[in-house]
Amino acid sequence: MKQIVCVYCEGSDTKFAVLEKTKKGVQLIKTASVDVYSTSAKGGAMAGTQIIDADAALQLDNLDQGLGGTPGMTQGAPGEVFEGIVNAELAGLKLHNCEFISVMTEPSLYYQFSNKKQTGGGATQELLPGEASDGKKSKQQKNGDSTAIVDLSDGGKLKIHMRQDMNCISMINRLAKYNHKRFYKIISVKSAEVSLAHYAAKRKKFFPDDYSLVVYIGKEYSKLIFMHGRKIKHLGSTLDVGTTNLHTYDVYFSKILLEMENGGIPTLDNIIVCGEDVSENLILSFYGTFPETNVSRLDYDELQLGELPDETRLKLSAFAVPIAAFFEHVEDLEKKQKGINLVPKYVLEDQKFFQFGWHALLAVPLLFFTTFFLTQQILSNSREIARLDRDIAIQTELKNKNLELLSQIEALDIRISNFDQTQTILDTITVGTEIWGKLFGRISSVAQQRRNFWVRSFAVEQNTGLKLEGHSLNKFVLTDVTANLDSSLLKSINYDPIRDRDAYRYVITFPEPKR
């Protein structure tokens with residue numbers, strides 16, 4: 001479970017209790033009490049467990065110096081000074097990770113008790129002041145005000161209404177803005193009287209027939225909660241007396257006797273004292289007025305105080321209301337009992353990550369079907385794109401193969417073209433090859449008969465005919481060769497020794513044969 005900051009707003013006094021539910025139990029991490037006085041002249045804010053007079057020398061301009069440079073305190077507008085003091089008191093906590101419980105009392109809350117309606121047959125029917133006699137909802141219910149109903153010990157109902165001016169919730173939101181957060185998560189809004197009565201009944205184990213009184217003494221106000229057994233019997237009106245303006249305890253006793261008469265309470269078996277004043281003098285005063293009543297303080301044995309300073313331990317009873325609200329919330333989560341929760345709807349809407357109105361909810365089905373349709377279209381198009389990609393890959397591969405075949409065809413085409421050119425040349429050259437063949441046959445025959453005669457080269461010259469060049473070891477052989485070869489002409493004979501042997505170089509021409 002996350003750390004929970006329980007905030008109790010009572011007049012100018014605001015109390016903070018930070019608690020956490022662990023496997024070992026409930027641990028109290030930190031407490032803080034802040035008093036706020038706003039004046040038209042100063043618009044100031046003062047913090048601490050004692051009241052600071054409005055005419056004190058502490059000015060808003062040097063508030064940082066008065067607090068010793070406390071982190072989180074900055075000079076600025078008077079509206080930010082209170083948030084700065086609270087932020088400094090809660091230093092060391094990660095408030096954005098915490099959850100908040102707002103605990104309220106009068107005048108932010110007001111209470112209505114059930115009465116009885118006489119039916120036609122003489123029977124009685126419970127009727128809440130917020131309901132009309134015909135069973136229709138009242139104007140307050142139609143306006144959507146935050147309400148809760150608590151069962152009373154006599155079978156009646158206690159209806160709790162929340163007013164529009166919720167300073168405690170506004171203070172939490174201002175604290176979030178001060179720390180540059182959009183909001184701090186408010187998970188529950190509790191009634192101080194209901195939470196305190198529930199916690200007292202849990203700790204003291206009242207008998208079913210016991211009439212008990214829970215007395216909460218604040219700095220400026222006091223609460224009287226009458227119980228029968230473990231349920232609320234009657235709530236006394238708020239007493240404008242506290243530790244700051246109390247002169248005698250007799251005020252409490254006269255108020256208690258008056259409320260006992262109004263609530264139809266014959267006697268008191270138990271009195272439980274909590275709040276700012278739980279001194280021995282107060283206990284003895286109650287004993288003196290109600291000698292047969294068991295008077296005791298409200299204890300907090302379930303809390304693990306850890307390393308809290310002694311000053312906080314001594315003043316633990318002053319934070320009875322926020323502690324009681326935390327235990328009520330925990331039991332509600334654990335399904336041990338059904339507690340009340342007065343969180344307004346607009347607060348829950350503001351804390352949503354997506355803030356939708358009722359008309360936006362109508363668009364959710366349309367948004368769903370639109371998303372479904374678009375998703376189907378996207379998937380269908382994706383499959384079509386994948387198929388086309390495969391076809392493109394196949395066609396690309398086929399194209400590459402065709403290009404390779406074309407390159408091979410071009411090479412073959414070039415070879416065929418060259419062959420045609422060669423064939424043309426050969427056809428041109430082979431004209432009269434039979435005549436040339438006979439001539440070369442005669443030359444070859446003569447050379448075979450004359451072993452000392454050989455041909456080195458021959459060439460066909462234009463307008464001249466065939467020209468033979470070669471060597472002979474005997475110059476007289478050349479005349480015999482020309483004599484044997486008709487129409488041949490010995491053009492020249494030159495001495496051209498080959499190494500150590502005599503040799504003659506010759507040139508013989510033949511006229512171009514007639515075709």
# chains A, B, ... in the order shown; residues from 1 in each chain; ligands from 1

$ closest_atom_pairs --of "region 356-403 of chain A" --to "region 407-424 of chain A" --cutoff "12 Å" --atoms "only C-alpha atoms" --output "tab-separated table"
residue	atom	partner	partner_atom	distance
A:Asn400	CA	A:Ser407	CA	10.6
A:Lys401	CA	A:Ser407	CA	9.9
A:Asn402	CA	A:Ser407	CA	8.6
A:Leu403	CA	A:Ser407	CA	6.2

$ residues_around --residues "Asn173 (chain A)" --least-positions-apart "3" --cutoff "12 Å" --atoms "only C-alpha atoms" --output "number ranges by chain"
A: 83, 95-96, 100, 102, 166-170, 176-186, 347, 350-351

$ write_last_selection --atoms "C-alpha atoms" --output "PDB file, in the first residue's frame"
ATOM      1  CA  GLU A  83       1.492  25.870   0.800  1.00  0.00           C
ATOM      2  CA  LEU A  95       4.005  13.600  -2.265  1.00  0.00           C
ATOM      3  CA  HIS A  96       3.376  12.762  -5.926  1.00  0.00           C
ATOM      4  CA  PHE A 100      -4.542  11.716   0.197  1.00  0.00           C
ATOM      5  CA  SER A 102      -9.417  14.498   3.333  1.00  0.00           C
ATOM      6  CA  MET A 166     -14.530  22.353   0.366  1.00  0.00           C
ATOM      7  CA  ASN A 167     -11.476  24.217   1.606  1.00  0.00           C
ATOM      8  CA  CYS A 168      -9.628  21.027   2.521  1.00  0.00           C
ATOM      9  CA  ILE A 169      -9.769  19.653  -1.035  1.00  0.00           C
ATOM     10  CA  SER A 170      -8.864  23.061  -2.434  1.00  0.00           C
ATOM     11  CA  ALA A 176      -0.102  20.142  -5.844  1.00  0.00           C
ATOM     12  CA  LYS A 177       0.067  23.305  -7.965  1.00  0.00           C
ATOM     13  CA  TYR A 178       2.750  24.662  -5.638  1.00  0.00           C
ATOM     14  CA  ASN A 179       4.856  21.576  -6.384  1.00  0.00           C
ATOM     15  CA  HIS A 180       4.141  21.881 -10.133  1.00  0.00           C
ATOM     16  CA  LYS A 181       1.788  18.885 -10.235  1.00  0.00           C
ATOM     17  CA  ARG A 182      -1.608  18.814 -11.898  1.00  0.00           C
ATOM     18  CA  PHE A 183      -3.182  17.138  -8.879  1.00  0.00           C
ATOM     19  CA  TYR A 184      -2.549  14.905  -5.882  1.00  0.00           C
ATOM     20  CA  LYS A 185      -4.716  11.794  -5.851  1.00  0.00           C
ATOM     21  CA  ILE A 186      -7.522  12.140  -3.294  1.00  0.00           C
ATOM     22  CA  VAL A 347     -12.620  15.421  -8.110  1.00  0.00           C
ATOM     23  CA  ASP A 350     -10.182  15.710 -12.564  1.00  0.00           C
ATOM     24  CA  GLN A 351      -7.924  12.877 -11.398  1.00  0.00           C
TER      25      GLN A 351
END

$ closest_residue --among "A:Leu379, A:Val273, A:Val103, A:Ile256" --to "Thr289 (chain A)" --atoms "only C-alpha atoms"
A:Ile256

$ residues_around --residues "region 241-247 of chain A" --least-positions-apart "4" --cutoff "12 Å" --atoms "only C-alpha atoms" --output "PyMOL selection string"
chain A and resi 10-11+13+49-53+215-224+237+251-252+255+275-279+282+318

$ atom_distance --atom1 "CA of Asp250 (chain A)" --atom2 "CA of Phe286 (chain A)"
9.6 Å

$ select_by_dssp --residues "region 200-296 of chain A" --states "helix (DSSP H, G or I)" --output "PyMOL selection string"
chain A and resi 200-204+250-263+280-289

$ residues_around --residues "Gly236 (chain A)" --least-positions-apart "4" --cutoff "12 Å" --atoms "only C-alpha atoms" --output "list in words"
Glu106, Tyr111, Glu193, Leu213, Val214, Val215, Tyr216, Ser222, Lys223, Leu224, Ile225, Phe226, Met227, Ile232, Asp240, Tyr252, Lys255, Ile256, Leu257, Leu258, Glu259, Met260, Glu261, Asn262, Gly263, Gly264 and Ile265 of chain A

$ residues_around --residues "Ser472 (chain A)" --least-positions-apart "5" --cutoff "7 Å" --atoms "only C-alpha atoms" --output "list in words"
Asn452, Phe453, Trp454, Ala503, Tyr504 and Arg505 of chain A

$ residues_around --residues "Lys15 (chain A)" --least-positions-apart "2" --cutoff "6 Å" --atoms "only C-alpha atoms" --output "PyMOL selection string"
chain A and resi 7-8+32-33

$ write_last_selection --atoms "N, CA and C atoms" --output "PDB file, in the first residue's frame"
ATOM      1  N   VAL A   7      -5.450  14.364   5.894  1.00  0.00           N
ATOM      2  CA  VAL A   7      -5.507  15.806   6.142  1.00  0.00           C
ATOM      3  C   VAL A   7      -6.823  16.114   6.838  1.00  0.00           C
ATOM      4  N   TYR A   8      -6.731  16.704   8.027  1.00  0.00           N
ATOM      5  CA  TYR A   8      -7.918  17.073   8.802  1.00  0.00           C
ATOM      6  C   TYR A   8      -7.972  18.585   8.907  1.00  0.00           C
ATOM      7  N   ALA A  32       2.146  16.632  11.264  1.00  0.00           N
ATOM      8  CA  ALA A  32       2.377  18.077  11.166  1.00  0.00           C
ATOM      9  C   ALA A  32       1.073  18.786  11.470  1.00  0.00           C
ATOM     10  N   SER A  33       1.190  19.942  12.098  1.00  0.00           N
ATOM     11  CA  SER A  33       0.034  20.771  12.419  1.00  0.00           C
ATOM     12  C   SER A  33       0.334  22.192  11.982  1.00  0.00           C
TER      13      SER A  33
END

$ atom_distance --atom1 "CA of Ala192 (chain A)" --atom2 "CA of Val295 (chain A)"
21.3 Å

$ select_by_dssp --residues "region 247-489 of chain A" --states "strand (DSSP E)" --output "number ranges by chain"
A: 270-275, 294-297, 303-304, 453-461, 465-472, 489

$ write_last_selection --atoms "C-alpha atoms" --output "short mmCIF file (atom, residue, chain, number, x, y, z; two decimals), in the first residue's frame"
data_model
loop_
_atom_site.label_atom_id
_atom_site.label_comp_id
_atom_site.auth_asym_id
_atom_site.auth_seq_id
_atom_site.Cartn_x
_atom_site.Cartn_y
_atom_site.Cartn_z
CA ASN A 270 -17.75 5.27 29.19
CA ILE A 271 -16.07 8.57 28.39
CA ILE A 272 -13.12 8.53 25.98
CA VAL A 273 -11.00 11.66 25.75
CA CYS A 274 -8.78 12.54 22.79
CA GLY A 275 -7.46 15.59 20.99
CA ASN A 294 -15.25 4.85 33.17
CA VAL A 295 -13.07 7.72 31.90
CA SER A 296 -10.04 6.90 29.74
CA ARG A 297 -7.85 8.22 26.98
CA LEU A 303 0.63 2.19 15.57
CA GLN A 304 4.33 1.61 14.97
CA PHE A 453 64.55 -25.14 -102.81
CA TRP A 454 61.88 -23.78 -100.43
CA VAL A 455 59.36 -20.95 -100.30
CA ARG A 456 59.57 -18.44 -97.49
CA SER A 457 56.50 -16.29 -98.30
CA PHE A 458 54.02 -15.53 -101.01
CA ALA A 459 51.64 -12.66 -101.62
CA VAL A 460 49.01 -11.71 -104.14
CA GLU A 461 49.73 -8.22 -105.43
CA GLY A 465 49.79 -11.60 -109.64
CA LEU A 466 51.43 -14.05 -107.25
CA LYS A 467 54.82 -13.14 -105.77
CA LEU A 468 56.99 -15.91 -104.25
CA GLU A 469 60.00 -15.26 -102.06
CA GLY A 470 62.33 -17.90 -100.73
CA HIS A 471 65.84 -19.35 -100.55
CA SER A 472 67.79 -21.90 -102.50
CA LEU A 489 59.32 -15.10 -114.11
#

$ atom_distance --atom1 "CA of Ser380 (chain A)" --atom2 "CA of Gln395 (chain A)"
22.5 Å

$ closest_residue --among "A:Arg230, A:Arg387, A:Lys352, A:Lys336" --to "Phe206 (chain A)" --atoms "only C-alpha atoms"
A:Arg230

$ residues_around --residues "Phe326 (chain A)" --least-positions-apart "6" --cutoff "12 Å" --atoms "only C-alpha atoms" --output "VMD selection string"
chain A and resid 3 to 8 16 to 21 26 to 28 99 to 103 187 to 192 195 to 196 198 to 199 303 319 to 320 332 to 333 339

$ closest_residue --among "A:Leu342, A:His228, A:Asp480, A:Met1" --to "Cys98 (chain A)" --atoms "only C-alpha atoms"
A:Met1
